[in-house]
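A.B. asks: One structure follows; several queries about it will come next.
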Amino acid sequence: MKTAFTQSRAIFVSLLALCALVACSPQFNWRVVPNTDIGYMATFPDKPAQATRTMDLIGLQVPLTLQAAQIDGLYFAVGTVPLQGELAAQGPALRDALAQAVANNIAAGQAEVKPIQWLGKTVYEMSIQGKLPSGEAAFAQARFFEHQGTLYEVLMMGPGDSANPDSATSWFGGFSLLGQ
């Protein structure tokens with residue numbers, strides 16, 4: 001009896017180790033990347049690039065700074081919009097416009113966000129399915145929130161019907177606000 005228990009425990013430990021290795025797949029090289037200029041830290045699956053571009057959202061020219069990494073068709077990004085000047089009172093409208101822009105990227109129709117608790121605050125989450133221009137199924141999972149005069153978009157998007165749960169946990173679990 002003791003031998004059967006020892007064997008089953010060894011098999012369980014081996015399976016647990018195998019699951020851990022699969023979650024840490026070599027395709028992802030997770031790294032913690034602080035963005036002290038904007039005030040967050042994110043765990044990206046590869047070295048991210050950063051760029052700022054102007055988008056037309058709700059009839060306003062909006063500066064969107066994206067820090068993003070792409071690996072095997074999966075796109076991981078943190079977008080930020082400073083809510084200053086004429087943008088100061090536009091947070092909810094800009095959030096909804098950013099969510100719709102994400103939905104449009106994968107032809108997913110109308111974007112819908114729902115409130116959830118994350119980072120100790122109420123944020124708005126969107127989880128949608130659509131299609132890539134090739135016709136292949138695609139998904140997007142994003143969280144939007146305001147913090148200290150900045151609108152944040154934390155996004156994971158790519159081919160398939162939904163995000164890999166391990167990748168989503170690593171991505172969203174690896175995001176934090178600095179100084180909080």
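Residue names in the structure tokens use chain letters A, B, ... in the order shown, residue numbers from 1 in each chain, and ligand numbers from 1 in the order shown.
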Output as CSV one row per residue of region 30-49 of chain A within 10 Å of region 149-159 of chain A: the closest atom pair and its distance in Å to one decimal place, counting only C-alpha atoms, sorted by chain and residue number ascending.
C.D. replies:
```
residue,atom,partner,partner_atom,distance
A:Ile38,CA,A:Thr150,CA,8.4
A:Gly39,CA,A:Thr150,CA,9.5
A:Tyr40,CA,A:Tyr152,CA,9.8
A:Ala42,CA,A:Val154,CA,9.3
```
A.B. asks: Suppose we keep N, CA, C and O atoms; can you now write the selection as a compact mmCIF listing (two decimals), in the first residue's frame?
C.D. replies:
```
# COMPACT_ATOMS: atom_id res chain seq x y z
N ILE A 38 5.40 56.69 -16.83
CA ILE A 38 3.93 56.70 -16.80
C ILE A 38 3.40 56.16 -15.47
O ILE A 38 2.32 56.55 -15.05
N GLY A 39 4.14 55.29 -14.80
CA GLY A 39 3.74 54.85 -13.47
C GLY A 39 3.16 53.45 -13.36
O GLY A 39 2.29 53.20 -12.53
N TYR A 40 3.67 52.53 -14.16
CA TYR A 40 3.20 51.14 -14.04
C TYR A 40 4.35 50.18 -14.27
O TYR A 40 5.43 50.56 -14.73
N ALA A 42 4.74 46.12 -15.91
CA ALA A 42 4.04 45.04 -16.59
C ALA A 42 5.02 43.91 -16.86
O ALA A 42 6.21 44.14 -17.09
```
A.B. asks: Please, which residues of region 22-139 of chain A, numbered as in this document, come out strand (DSSP E or B) from DSSP, as a ChimeraX atom specification?
C.D. replies: /A:31-35,40-44,49-57,60-71,74-82,114-118,121-131,137-139
A.B. asks: List the spatial neighbours of Ala49 (chain A) as a PyMOL selection string - criterion: any atom at most 9 Å away, only C-alpha atoms, same-chain residues fewer than 5 positions off excluded.
C.D. replies: chain A and resi 66-69
A.B. asks: Please produce a file of those selected residues containing N, CA, C and O atoms, as a PDB file, in the first residue's frame.
C.D. replies:
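The result, written out as again.pdb:
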```
ATOM      1  N   LEU A  66       1.644  53.491 -26.461  1.00  0.00           N
ATOM      2  CA  LEU A  66       1.556  52.032 -26.370  1.00  0.00           C
ATOM      3  C   LEU A  66       2.923  51.445 -26.073  1.00  0.00           C
ATOM      4  O   LEU A  66       3.911  51.806 -26.713  1.00  0.00           O
ATOM      5  N   GLN A  67       2.955  50.556 -25.105  1.00  0.00           N
ATOM      6  CA  GLN A  67       4.131  49.728 -24.854  1.00  0.00           C
ATOM      7  C   GLN A  67       3.645  48.315 -25.126  1.00  0.00           C
ATOM      8  O   GLN A  67       2.679  47.861 -24.489  1.00  0.00           O
ATOM      9  N   ALA A  68       4.255  47.631 -26.092  1.00  0.00           N
ATOM     10  CA  ALA A  68       3.689  46.364 -26.544  1.00  0.00           C
ATOM     11  C   ALA A  68       4.755  45.374 -26.977  1.00  0.00           C
ATOM     12  O   ALA A  68       5.856  45.753 -27.384  1.00  0.00           O
ATOM     13  N   ALA A  69       4.380  44.102 -26.889  1.00  0.00           N
ATOM     14  CA  ALA A  69       5.205  43.001 -27.386  1.00  0.00           C
ATOM     15  C   ALA A  69       4.282  42.057 -28.147  1.00  0.00           C
ATOM     16  O   ALA A  69       3.122  41.863 -27.763  1.00  0.00           O
TER      17      ALA A  69
END
```
A.B. asks: Just list as a ChimeraX atom specification whatever in chain A DSSP marks as helix (DSSP H, G or I).
C.D. replies: /A:2-23,85-87,91-105,165-173
A.B. asks: With a distance cut-off of 12 Å and only C-alpha atoms, select the neighbouring residues of Ala88 (chain A), excluding the residue or stretch itself and same-chain residues fewer than 5 positions from it, and output the selection as a list in words.
C.D. replies: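 The neighbour list is Val62, Val81, Pro82, Leu83, Ala93, Leu94, Glu146, His147, Gln148, Gly149, Thr150 and Leu151 of chain A.
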A.B. asks: When you draw a straight line from CA of Val78 (chain A) to CA of Ala137 (chain A), how long is it in Å?
C.D. replies: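 Between these atoms lies a distance of 22.7 Å.
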A.B. asks: Check the smallest atom-to-atom distance from each of A:Pro45, A:Gly91, A:Ile116, A:Leu60 to Asp72 (chain A) using only C-alpha atoms, then report the winner.
C.D. replies: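 When distances to Asp72 (chain A) are compared using only C-alpha atoms, the smallest one comes from A:Pro45.
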A.B. asks: When you draw a straight line from CA of Ser127 (chain A) to CA of Gly174 (chain A), how long is it in Å?
C.D. replies: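 Distance between the two atoms: 18.3 Å.
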A.B. asks: Distance CA of Trp171 (chain A)-CA of Leu74 (chain A), one decimal place?
C.D. replies: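 Between CA of Trp171 (chain A) and CA of Leu74 (chain A) the gap is 11.5 Å.
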A.B. asks: Looking at only C-alpha atoms, which of A:Met126, A:Thr54, A:Asp46, A:Gln100 is the one that sits closest to Val32 (chain A)?
C.D. replies: A:Asp46
